[in-house]
>>> print(open('start26.txt').read())   # compact mmCIF, C-alpha atoms and all ligand atoms
# COMPACT_ATOMS: atom_id res chain seq x y z
CA MET A 1 0.00 0.00 0.00
CA ALA A 2 1.20 3.52 -0.80
CA ASP A 3 1.86 5.67 2.26
CA SER A 4 -1.25 7.87 2.54
CA PRO A 5 -2.88 9.06 5.79
CA LEU A 6 -5.39 6.25 5.48
CA THR A 7 -2.70 3.61 5.18
CA LYS A 8 -0.98 5.12 8.24
CA VAL A 9 -4.25 4.87 10.15
CA TYR A 10 -4.56 1.25 9.13
CA ARG A 11 -1.03 0.39 10.20
CA ARG A 12 -1.39 2.09 13.54
CA LEU A 13 -4.66 0.35 14.26
CA PHE A 14 -3.46 -3.02 13.08
CA ASP A 15 -0.26 -2.72 15.12
CA ALA A 16 -2.26 -1.75 18.19
CA PHE A 17 -5.18 -4.19 17.93
CA GLY A 18 -4.04 -7.02 15.65
CA PRO A 19 -6.42 -8.93 13.35
CA GLN A 20 -10.09 -8.71 14.37
CA HIS A 21 -11.31 -11.91 12.64
CA TRP A 22 -14.55 -10.49 11.25
CA TRP A 23 -17.34 -11.12 10.37
CA PRO A 24 -18.74 -13.47 13.01
CA GLY A 25 -20.94 -15.89 11.04
CA GLU A 26 -20.34 -19.42 9.85
CA THR A 27 -21.84 -19.13 6.37
CA PRO A 28 -22.61 -16.29 3.93
CA PHE A 29 -26.28 -16.64 4.80
CA GLU A 30 -25.56 -16.27 8.52
CA VAL A 31 -23.63 -13.12 7.70
CA ILE A 32 -26.60 -11.79 5.72
CA VAL A 33 -29.03 -12.48 8.56
CA GLY A 34 -26.58 -11.02 11.08
CA ALA A 35 -26.24 -7.84 9.01
CA VAL A 36 -29.97 -7.20 9.41
CA LEU A 37 -30.17 -8.26 13.05
CA THR A 38 -27.24 -6.08 14.12
CA GLN A 39 -29.04 -2.85 13.16
CA ASN A 40 -29.35 -0.73 16.33
CA THR A 41 -28.11 -3.37 18.74
CA ASN A 42 -24.92 -4.97 19.97
CA TRP A 43 -23.50 -8.23 18.68
CA GLN A 44 -24.20 -10.17 21.89
CA ASN A 45 -27.94 -9.74 21.33
CA VAL A 46 -27.52 -10.78 17.70
CA GLU A 47 -25.69 -13.92 18.83
CA ARG A 48 -28.64 -14.93 21.00
CA ALA A 49 -31.05 -14.50 18.10
CA MET A 50 -28.69 -16.39 15.78
CA ALA A 51 -28.46 -19.24 18.31
CA ASN A 52 -32.28 -19.49 18.26
CA LEU A 53 -32.29 -19.64 14.46
CA ARG A 54 -29.52 -22.24 14.50
CA ASP A 55 -31.38 -24.39 17.06
CA ALA A 56 -34.51 -24.17 14.91
CA ASP A 57 -32.42 -25.30 11.93
CA VAL A 58 -33.67 -22.51 9.67
CA LEU A 59 -30.42 -20.81 8.72
CA ASP A 60 -30.74 -21.18 4.98
CA PRO A 61 -32.78 -19.00 2.63
CA ARG A 62 -35.41 -21.59 1.75
CA ALA A 63 -36.02 -22.79 5.31
CA LEU A 64 -36.14 -19.30 6.78
CA SER A 65 -38.54 -18.06 4.13
CA HIS A 66 -41.01 -20.76 5.24
CA VAL A 67 -41.00 -19.70 8.90
CA PRO A 68 -44.28 -17.90 9.75
CA VAL A 69 -43.68 -14.29 10.63
CA GLU A 70 -44.89 -14.60 14.27
CA GLU A 71 -42.46 -17.49 14.79
CA LEU A 72 -39.66 -15.53 13.15
CA GLU A 73 -40.35 -12.60 15.49
CA GLU A 74 -40.04 -14.88 18.50
CA LEU A 75 -36.81 -16.42 17.26
CA ILE A 76 -35.14 -13.06 16.69
CA ARG A 77 -36.67 -11.27 19.69
CA PRO A 78 -33.30 -11.08 21.58
CA ALA A 79 -31.93 -8.83 18.80
CA GLY A 80 -34.46 -6.08 19.64
CA TYR A 81 -36.82 -4.24 17.26
CA PHE A 82 -37.85 -7.77 16.40
CA ARG A 83 -41.04 -6.87 14.50
CA VAL A 84 -39.25 -4.41 12.23
CA LYS A 85 -36.33 -6.78 11.75
CA ALA A 86 -38.64 -9.72 10.97
CA LYS A 87 -40.25 -7.61 8.22
CA ARG A 88 -36.85 -6.63 6.87
CA LEU A 89 -35.65 -10.22 6.88
CA ARG A 90 -38.81 -11.30 5.08
CA SER A 91 -38.28 -8.63 2.41
CA LEU A 92 -34.68 -9.65 1.97
CA LEU A 93 -35.60 -13.34 1.78
CA GLU A 94 -38.29 -12.60 -0.79
CA PHE A 95 -35.69 -10.80 -2.88
CA ILE A 96 -33.16 -13.66 -2.59
CA MET A 97 -35.78 -16.31 -3.38
CA ASP A 98 -37.59 -14.46 -6.19
CA ARG A 99 -34.56 -13.06 -7.94
CA TYR A 100 -31.96 -15.77 -7.29
CA ASN A 101 -34.02 -18.79 -6.33
CA GLY A 102 -32.24 -18.82 -2.98
CA ASP A 103 -28.84 -19.39 -4.57
CA LEU A 104 -26.31 -17.08 -2.91
CA ASP A 105 -23.46 -18.23 -5.16
CA VAL A 106 -25.42 -17.00 -8.18
CA MET A 107 -26.44 -13.84 -6.35
CA PHE A 108 -22.85 -12.92 -5.54
CA GLN A 109 -21.78 -13.45 -9.15
CA THR A 110 -23.81 -10.36 -10.03
CA SER A 111 -21.66 -7.29 -10.56
CA LEU A 112 -21.02 -5.33 -7.39
CA SER A 113 -22.77 -2.17 -8.61
CA ASP A 114 -25.86 -4.04 -9.86
CA LEU A 115 -26.24 -6.15 -6.74
CA ARG A 116 -25.69 -3.11 -4.51
CA CYS A 117 -28.51 -1.26 -6.32
CA GLN A 118 -30.78 -4.30 -6.02
CA LEU A 119 -30.13 -4.66 -2.29
CA LEU A 120 -30.77 -0.97 -1.69
CA GLU A 121 -34.22 -1.41 -3.22
CA VAL A 122 -35.14 -3.99 -0.58
CA ASN A 123 -37.24 -2.51 2.21
CA GLY A 124 -35.11 -1.71 5.27
CA ILE A 125 -31.74 -2.31 3.63
CA GLY A 126 -29.66 0.87 3.76
CA PRO A 127 -26.12 1.43 2.50
CA GLU A 128 -24.37 0.12 5.63
CA THR A 129 -26.36 -3.13 5.69
CA ALA A 130 -26.02 -3.58 1.92
CA ASP A 131 -22.27 -3.03 2.06
CA SER A 132 -21.89 -5.39 5.03
CA ILE A 133 -23.67 -8.10 3.04
CA LEU A 134 -21.62 -7.43 -0.09
CA LEU A 135 -18.26 -7.30 1.69
CA TYR A 136 -18.60 -9.88 4.44
CA ALA A 137 -20.96 -12.40 2.82
CA GLY A 138 -20.15 -11.86 -0.85
CA GLU A 139 -16.47 -10.94 -0.53
CA LEU A 140 -17.02 -8.04 -2.92
CA PRO A 141 -14.86 -4.92 -2.55
CA THR A 142 -17.08 -2.24 -1.05
CA PHE A 143 -16.12 -0.35 2.11
CA VAL A 144 -18.56 -0.46 5.03
CA VAL A 145 -19.02 2.98 6.59
CA ASP A 146 -20.63 3.28 10.00
CA ALA A 147 -21.09 5.81 12.80
CA TYR A 148 -17.62 5.02 14.18
CA THR A 149 -16.03 5.74 10.80
CA PHE A 150 -17.80 9.08 10.60
CA ARG A 151 -16.76 10.04 14.10
CA VAL A 152 -13.07 9.24 13.64
CA PHE A 153 -12.77 10.82 10.20
CA CYS A 154 -14.66 14.00 11.14
CA ARG A 155 -12.79 14.50 14.40
CA HIS A 156 -9.49 14.34 12.54
CA GLY A 157 -10.67 16.69 9.80
CA TRP A 158 -10.27 14.14 7.01
CA ILE A 159 -13.89 14.73 6.00
CA GLY A 160 -16.44 17.40 6.91
CA PHE A 161 -19.13 16.84 9.52
CA ASP A 162 -21.73 17.38 6.80
CA ALA A 163 -20.44 14.51 4.62
CA ASP A 164 -22.91 11.76 3.78
CA TYR A 165 -22.38 8.00 3.57
CA HIS A 166 -21.32 7.91 -0.05
CA GLN A 167 -19.00 10.90 0.20
CA LEU A 168 -17.11 9.23 3.03
CA GLN A 169 -17.13 5.89 1.25
CA ASP A 170 -15.78 7.47 -1.96
CA TYR A 171 -13.08 9.26 0.00
CA ILE A 172 -11.92 6.05 1.67
CA GLN A 173 -12.17 3.88 -1.42
CA GLY A 174 -10.33 6.51 -3.46
CA ALA A 175 -7.39 6.36 -1.06
CA LEU A 176 -7.09 2.58 -0.67
CA PRO A 177 -6.46 -0.34 -3.02
CA GLN A 178 -9.71 -2.15 -3.84
CA GLU A 179 -8.95 -5.23 -1.75
CA VAL A 180 -11.53 -7.28 0.11
CA PRO A 181 -9.24 -8.41 2.99
CA LEU A 182 -8.11 -4.81 3.53
CA TYR A 183 -11.67 -3.40 3.55
CA ASN A 184 -12.73 -6.23 5.82
CA GLU A 185 -10.01 -5.69 8.39
CA TYR A 186 -10.07 -1.89 8.18
CA HIS A 187 -13.77 -1.65 9.03
CA ALA A 188 -13.36 -4.09 11.92
CA LEU A 189 -10.41 -2.07 13.28
CA LEU A 190 -12.43 1.16 13.11
CA VAL A 191 -15.24 -0.49 15.05
CA ARG A 192 -12.75 -1.54 17.73
CA LEU A 193 -11.32 1.99 17.78
CA GLY A 194 -14.77 3.55 18.11
CA LYS A 195 -15.80 1.21 20.91
CA ASP A 196 -12.63 1.40 22.95
CA PHE A 197 -11.35 4.94 22.34
CA CYS A 198 -13.30 7.20 20.00
CA ARG A 199 -16.50 7.24 22.00
CA LYS A 200 -19.33 9.62 21.32
CA SER A 201 -18.56 11.66 24.43
CA LYS A 202 -15.20 11.93 26.14
CA PRO A 203 -12.98 10.23 23.55
CA LYS A 204 -9.88 8.69 25.12
CA CYS A 205 -7.42 10.50 22.88
CA ASP A 206 -4.51 10.31 25.35
CA LEU A 207 -4.43 6.53 25.11
CA CYS A 208 -5.53 6.18 21.48
CA PRO A 209 -3.30 4.70 18.74
CA LEU A 210 -4.28 7.64 16.49
CA ARG A 211 -3.41 10.43 18.95
CA ALA A 212 -0.33 11.50 16.92
CA MET A 213 -2.59 12.10 13.92
CA LEU A 214 -4.92 14.56 15.65
CA PRO A 215 -5.13 18.20 14.52
CA LYS A 216 -3.12 20.59 16.72
CA GLY A 217 -6.05 21.69 18.88
CA GLY A 218 -7.33 18.16 19.46
CA PRO A 219 -10.38 16.46 18.00
CA LEU A 220 -12.62 18.69 15.87
CA GLU A 221 -16.24 19.21 16.76
CA PRO A 222 -19.24 20.09 14.59
CA GLU A 223 -19.87 23.85 14.40
S1 LIG B 301 -7.21 10.29 18.80
FE1 LIG B 301 -9.16 10.88 19.76
S2 LIG B 301 -10.43 11.64 18.09
FE2 LIG B 301 -8.76 10.45 17.19
S3 LIG B 301 -9.57 8.42 16.93
FE3 LIG B 301 -8.50 8.48 18.88
S4 LIG B 301 -10.08 8.93 20.38
FE4 LIG B 301 -10.90 9.48 18.37
>>> encode(input="start26.txt", output="structure tokens")
Amino acid sequence: MADSPLTKVYRRLFDAFGPQHWWPGETPFEVIVGAVLTQNTNWQNVERAMANLRDADVLDPRALSHVPVEELEELIRPAGYFRVKAKRLRSLLEFIMDRYNGDLDVMFQTSLSDLRCQLLEVNGIGPETADSILLYAGELPTFVVDAYTFRVFCRHGWIGFDADYHQLQDYIQGALPQEVPLYNEYHALLVRLGKDFCRKSKPKCDLCPLRAMLPKGGPLEPE
């Protein structure tokens, strides 16, 4: 990798935290389900919902699409917002079954830009969920941007506080080689950074691996 600020960030984070071994999920379909369940909750709650789905032996597209919605809600209840998430899962399953006959291998052979557009048309699938599915389940090179990414990049002045998802994604992708393992690890490292150091209030800059990269006056704040 060429030596740009973003590659320095990556090296510092990787040296500090080591490999993060993402995404937790045994199969591409588990990753897809997990990407929906993890919206607005922590991974521990997702794990409990995933364990229910595993115990019920419904973790494949065909089986899960046959589970009645009330039953699905109960199975995923530990993940929170279970009614909304059940609807979103149903919409996503309908898409996978109708368009790809439940065959994820075929689905992920679609070009990245086409499949991304298709996923974004599914009810409840926003850019972060779509990119998580594409990167972590499909191994397609698209960078997953989340609230942690925004926070770190804005506080350092690498992007404005008014930037939107795609502006930040374009900025990152424009500065890095298009490599799936790199995008995979980078996102995971940023999540670790956001959780452990770059918190919403009172960031722990003094102990942070990126402290030497801060602007002179410290982390920036929105005007
Ligand atoms: S140095 Fe401070 S602002 Fe920068 S990433 Fe670390 S905690 Fe966040």
>>> closest_residue(input="start26.txt", among="A:Val46, A:Ala16, A:Leu190, A:Ile32", to="Leu59 (chain A)", atoms="all atoms listed in the file")
A:Ile32
>>> closest_atom_pairs(input="start26.txt", of="chain A", to="ligand LIG 301 (chain B)", cutoff="7 Å", atoms="only C-alpha atoms and all ligand atoms", output="tab-separated table")
residue	atom	partner	partner_atom	distance
A:Val152	CA	B:LIG301	S3	4.9
A:Arg155	CA	B:LIG301	S2	5.2
A:His156	CA	B:LIG301	FE2	6.1
A:Leu193	CA	B:LIG301	S3	6.7
A:Phe197	CA	B:LIG301	S4	4.6
A:Cys198	CA	B:LIG301	S4	3.7
A:Arg199	CA	B:LIG301	S4	6.8
A:Pro203	CA	B:LIG301	S4	4.5
A:Lys204	CA	B:LIG301	S4	4.8
A:Cys205	CA	B:LIG301	FE1	3.6
A:Cys208	CA	B:LIG301	FE3	4.6
A:Pro209	CA	B:LIG301	FE3	6.4
A:Leu210	CA	B:LIG301	S1	4.6
A:Arg211	CA	B:LIG301	S1	3.8
A:Met213	CA	B:LIG301	S1	7.0
A:Leu214	CA	B:LIG301	S1	5.8
A:Pro219	CA	B:LIG301	S2	4.8
>>> residues_near_point(input="start26.txt", point="(-33.9, -7.5, -4.5)", cutoff="10 Å", atoms="all atoms listed in the file", output="PyMOL selection string")
chain A and resi 91-100+107+115-123+125
>>> closest_residue(input="start26.txt", among="A:Leu135, A:Val67, A:Ala130, A:Ala188", to="Leu13 (chain A)", atoms="all atoms listed in the file")
A:Ala188
>>> closest_residue(input="start26.txt", among="A:Asn184, A:Ser65, A:Ser201, A:Asn42", to="Tyr136 (chain A)", atoms="all atoms listed in the file")
A:Asn184
>>> atom_distance(input="start26.txt", atom1="CA of Pro222 (chain A)", atom2="CA of Gly174 (chain A)")
24.3 Å
>>> atom_distance(input="start26.txt", atom1="CA of Lys87 (chain A)", atom2="CA of Pro68 (chain A)")
11.2 Å
>>> closest_residue(input="start26.txt", among="A:Asp114, A:Glu73, A:Asp206, A:Glu185", to="Leu37 (chain A)", atoms="all atoms listed in the file")
A:Glu73
>>> residues_near_point(input="start26.txt", point="(-27.2, -8.1, 16.5)", cutoff="9 Å", atoms="all atoms listed in the file", output="CSV table (one decimal) with C-alpha atoms, keeping the file's coordinate frame")
chain,number,residue,atom,x,y,z
A,34,GLY,CA,-26.6,-11.0,11.1
A,35,ALA,CA,-26.2,-7.8,9.0
A,36,VAL,CA,-30.0,-7.2,9.4
A,37,LEU,CA,-30.2,-8.3,13.0
A,38,THR,CA,-27.2,-6.1,14.1
A,39,GLN,CA,-29.0,-2.8,13.2
A,40,ASN,CA,-29.4,-0.7,16.3
A,41,THR,CA,-28.1,-3.4,18.7
A,42,ASN,CA,-24.9,-5.0,20.0
A,43,TRP,CA,-23.5,-8.2,18.7
A,44,GLN,CA,-24.2,-10.2,21.9
A,45,ASN,CA,-27.9,-9.7,21.3
A,46,VAL,CA,-27.5,-10.8,17.7
A,47,GLU,CA,-25.7,-13.9,18.8
A,48,ARG,CA,-28.6,-14.9,21.0
A,49,ALA,CA,-31.0,-14.5,18.1
A,50,MET,CA,-28.7,-16.4,15.8
A,78,PRO,CA,-33.3,-11.1,21.6
A,79,ALA,CA,-31.9,-8.8,18.8
A,80,GLY,CA,-34.5,-6.1,19.6
>>> closest_residue(input="start26.txt", among="A:Leu220, A:Val191, A:Leu112, A:Leu64", to="Ile159 (chain A)", atoms="only C-alpha atoms")
A:Leu220
>>> atom_distance(input="start26.txt", atom1="CA of Arg77 (chain A)", atom2="CA of Val31 (chain A)")
17.8 Å
>>> closest_residue(input="start26.txt", among="A:Leu182, A:Ile172, A:Leu53, A:Val84", to="Arg11 (chain A)", atoms="all atoms listed in the file")
A:Leu182
>>> build_atoms(input="start26.txt", residues="region 212-223 of chain A", atoms="all heavy atoms", output="compact mmCIF listing (two decimals), in the coordinates of the input")
# COMPACT_ATOMS: atom_id res chain seq x y z
N ALA A 212 -1.35 10.69 17.62
CA ALA A 212 -0.33 11.50 16.92
C ALA A 212 -0.87 12.07 15.62
O ALA A 212 -0.23 12.93 15.01
CB ALA A 212 0.90 10.64 16.64
N MET A 213 -2.03 11.62 15.18
CA MET A 213 -2.59 12.10 13.92
C MET A 213 -3.68 13.15 14.13
O MET A 213 -4.33 13.58 13.18
CB MET A 213 -3.15 10.92 13.11
CG MET A 213 -2.09 9.87 12.79
SD MET A 213 -2.72 8.53 11.78
CE MET A 213 -2.64 9.28 10.15
N LEU A 214 -3.88 13.56 15.36
CA LEU A 214 -4.92 14.56 15.65
C LEU A 214 -4.51 15.94 15.16
O LEU A 214 -3.32 16.25 15.14
CB LEU A 214 -5.13 14.65 17.16
CG LEU A 214 -6.14 13.71 17.80
CD1 LEU A 214 -6.10 13.87 19.31
CD2 LEU A 214 -7.55 13.98 17.29
N PRO A 215 -5.47 16.79 14.79
CA PRO A 215 -5.13 18.20 14.52
C PRO A 215 -4.54 18.84 15.79
O PRO A 215 -4.75 18.33 16.90
CB PRO A 215 -6.50 18.84 14.19
CG PRO A 215 -7.43 17.70 13.95
CD PRO A 215 -6.90 16.51 14.65
N LYS A 216 -3.85 19.95 15.60
CA LYS A 216 -3.12 20.59 16.72
C LYS A 216 -4.00 20.84 17.96
O LYS A 216 -3.60 20.59 19.09
CB LYS A 216 -2.51 21.91 16.28
CG LYS A 216 -1.07 21.75 15.86
CD LYS A 216 -0.39 23.08 15.73
CE LYS A 216 1.03 22.85 15.21
NZ LYS A 216 1.49 23.95 14.40
N GLY A 217 -5.19 21.33 17.73
CA GLY A 217 -6.05 21.69 18.88
C GLY A 217 -6.83 20.51 19.45
O GLY A 217 -7.71 20.71 20.28
N GLY A 218 -6.58 19.32 18.97
CA GLY A 218 -7.33 18.16 19.46
C GLY A 218 -8.47 17.83 18.51
O GLY A 218 -8.57 18.42 17.42
N PRO A 219 -9.31 16.89 18.90
CA PRO A 219 -10.38 16.46 18.00
C PRO A 219 -11.32 17.60 17.60
O PRO A 219 -11.66 18.42 18.44
CB PRO A 219 -11.14 15.40 18.81
CG PRO A 219 -10.63 15.47 20.20
CD PRO A 219 -9.35 16.21 20.19
N LEU A 220 -11.69 17.65 16.34
CA LEU A 220 -12.62 18.69 15.87
C LEU A 220 -14.02 18.36 16.32
O LEU A 220 -14.37 17.20 16.57
CB LEU A 220 -12.56 18.77 14.34
CG LEU A 220 -11.19 19.08 13.74
CD1 LEU A 220 -11.28 19.06 12.22
CD2 LEU A 220 -10.67 20.43 14.22
N GLU A 221 -14.84 19.40 16.38
CA GLU A 221 -16.24 19.21 16.76
C GLU A 221 -17.12 19.89 15.71
O GLU A 221 -16.68 20.85 15.08
CB GLU A 221 -16.52 19.83 18.13
CG GLU A 221 -15.89 19.04 19.24
CD GLU A 221 -16.18 19.62 20.60
OE1 GLU A 221 -17.11 20.45 20.70
OE2 GLU A 221 -15.48 19.24 21.54
N PRO A 222 -18.36 19.42 15.57
CA PRO A 222 -19.24 20.09 14.59
C PRO A 222 -19.49 21.53 15.02
O PRO A 222 -19.53 21.81 16.21
CB PRO A 222 -20.54 19.27 14.64
CG PRO A 222 -20.40 18.31 15.76
CD PRO A 222 -19.01 18.32 16.26
N GLU A 223 -19.67 22.42 14.04
CA GLU A 223 -19.87 23.85 14.40
C GLU A 223 -21.26 24.08 14.94
O GLU A 223 -22.19 23.40 14.58
CB GLU A 223 -19.67 24.72 13.15
CG GLU A 223 -18.20 24.77 12.80
CD GLU A 223 -17.93 25.53 11.51
OE1 GLU A 223 -18.90 25.97 10.87
OE2 GLU A 223 -16.75 25.66 11.17
